[in-house]
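What follows is a set of notes on a single structure, which appears directly below.
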Amino acid sequence: MSRAQLAELINVNPQTIGALERGDHSPSLDLALRICETFGLPVEAVFSRTEFNPMSAELYQPTQEMT
């Protein structure tokens, strides 16, 4: 999904998405909830004191083959 697409979905300027990605801006609770709704995530994924591991790392962990 592009920044422009996400911005349109959550009704913000694409530059706001860039600022969020860089950590230059913290989202309001309302914005955080809109982001979470868009991606089907709990609000803790946006507001947390500890860094989340990328979800892709959890979803796509290599499986061990049985020999």
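The chains in the structure tokens are called A, B, ... from first to last as shown; in each chain the residues are counted from 1, and the ligands are counted from 1 in the order shown.
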
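Within 7 Å of range 17-30 of chain A there are Arg3, Ala7 and Arg34 of chain A, counting only C-alpha atoms and ignoring same-chain residues fewer than 4 positions away.
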
Selection from above, all heavy atoms, as a PDB file, in the first residue's frame, can you write it?
```pdb
ATOM      1  N   ARG A   3       1.838   5.340   0.487  1.00  0.00           N
ATOM      2  CA  ARG A   3       1.517   6.382   1.470  1.00  0.00           C
ATOM      3  C   ARG A   3       0.244   7.110   1.072  1.00  0.00           C
ATOM      4  O   ARG A   3      -0.597   7.406   1.917  1.00  0.00           O
ATOM      5  CB  ARG A   3       2.657   7.385   1.573  1.00  0.00           C
ATOM      6  CG  ARG A   3       3.863   6.872   2.291  1.00  0.00           C
ATOM      7  CD  ARG A   3       4.929   7.931   2.356  1.00  0.00           C
ATOM      8  NE  ARG A   3       6.117   7.401   3.010  1.00  0.00           N
ATOM      9  CZ  ARG A   3       7.273   8.014   3.042  1.00  0.00           C
ATOM     10  NH1 ARG A   3       7.407   9.196   2.469  1.00  0.00           N
ATOM     11  NH2 ARG A   3       8.291   7.472   3.656  1.00  0.00           N
ATOM     12  N   ALA A   7      -3.052   7.317   3.289  1.00  0.00           N
ATOM     13  CA  ALA A   7      -3.508   8.660   3.669  1.00  0.00           C
ATOM     14  C   ALA A   7      -4.968   8.864   3.288  1.00  0.00           C
ATOM     15  O   ALA A   7      -5.751   9.412   4.067  1.00  0.00           O
ATOM     16  CB  ALA A   7      -2.625   9.711   3.014  1.00  0.00           C
ATOM     17  N   ARG A  34      -7.835   4.909  13.632  1.00  0.00           N
ATOM     18  CA  ARG A  34      -8.116   4.771  12.202  1.00  0.00           C
ATOM     19  C   ARG A  34      -7.065   3.896  11.521  1.00  0.00           C
ATOM     20  O   ARG A  34      -7.399   3.062  10.666  1.00  0.00           O
ATOM     21  CB  ARG A  34      -8.184   6.147  11.531  1.00  0.00           C
ATOM     22  CG  ARG A  34      -9.474   6.880  11.890  1.00  0.00           C
ATOM     23  CD  ARG A  34      -9.596   8.183  11.134  1.00  0.00           C
ATOM     24  NE  ARG A  34      -8.847   9.197  11.884  1.00  0.00           N
ATOM     25  CZ  ARG A  34      -8.366  10.310  11.364  1.00  0.00           C
ATOM     26  NH1 ARG A  34      -8.499  10.571  10.083  1.00  0.00           N
ATOM     27  NH2 ARG A  34      -7.719  11.171  12.123  1.00  0.00           N
TER      28      ARG A  34
END
```

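As for CA of Gln15 in chain A and CA of Ala45 in chain A, they are spaced 20.8 Å apart.
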
Can you tell me which residues surround Glu37 in chain A at a distance of at most 12 Å, considering only C-alpha atoms, apart from same-chain residues fewer than 5 positions away, and format the answer as a tab-separated table (two decimals) with C-alpha atoms, in the first residue's frame?
```tsv
chain	number	residue	atom	x	y	z
A	6	LEU	CA	-3.12	4.90	3.28
A	9	LEU	CA	-8.10	5.64	3.71
A	10	ILE	CA	-7.47	7.37	7.04
A	30	ASP	CA	-8.22	9.09	16.83
A	31	LEU	CA	-5.59	8.73	14.10
A	32	ALA	CA	-4.12	5.66	15.78
A	42	PRO	CA	-4.87	-3.65	18.17
A	43	VAL	CA	-4.21	-0.08	19.28
A	45	ALA	CA	0.51	-1.84	17.77
A	46	VAL	CA	0.55	1.96	17.39
```

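Here CA of Ser2 in chain A and CA of Arg49 in chain A stand 26.3 Å from one another.
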
- Query: Between CA of Cys36 in chain A and CA of Val12 in chain A, what is the spacing in Å?
  - Reply: 14.3 Å
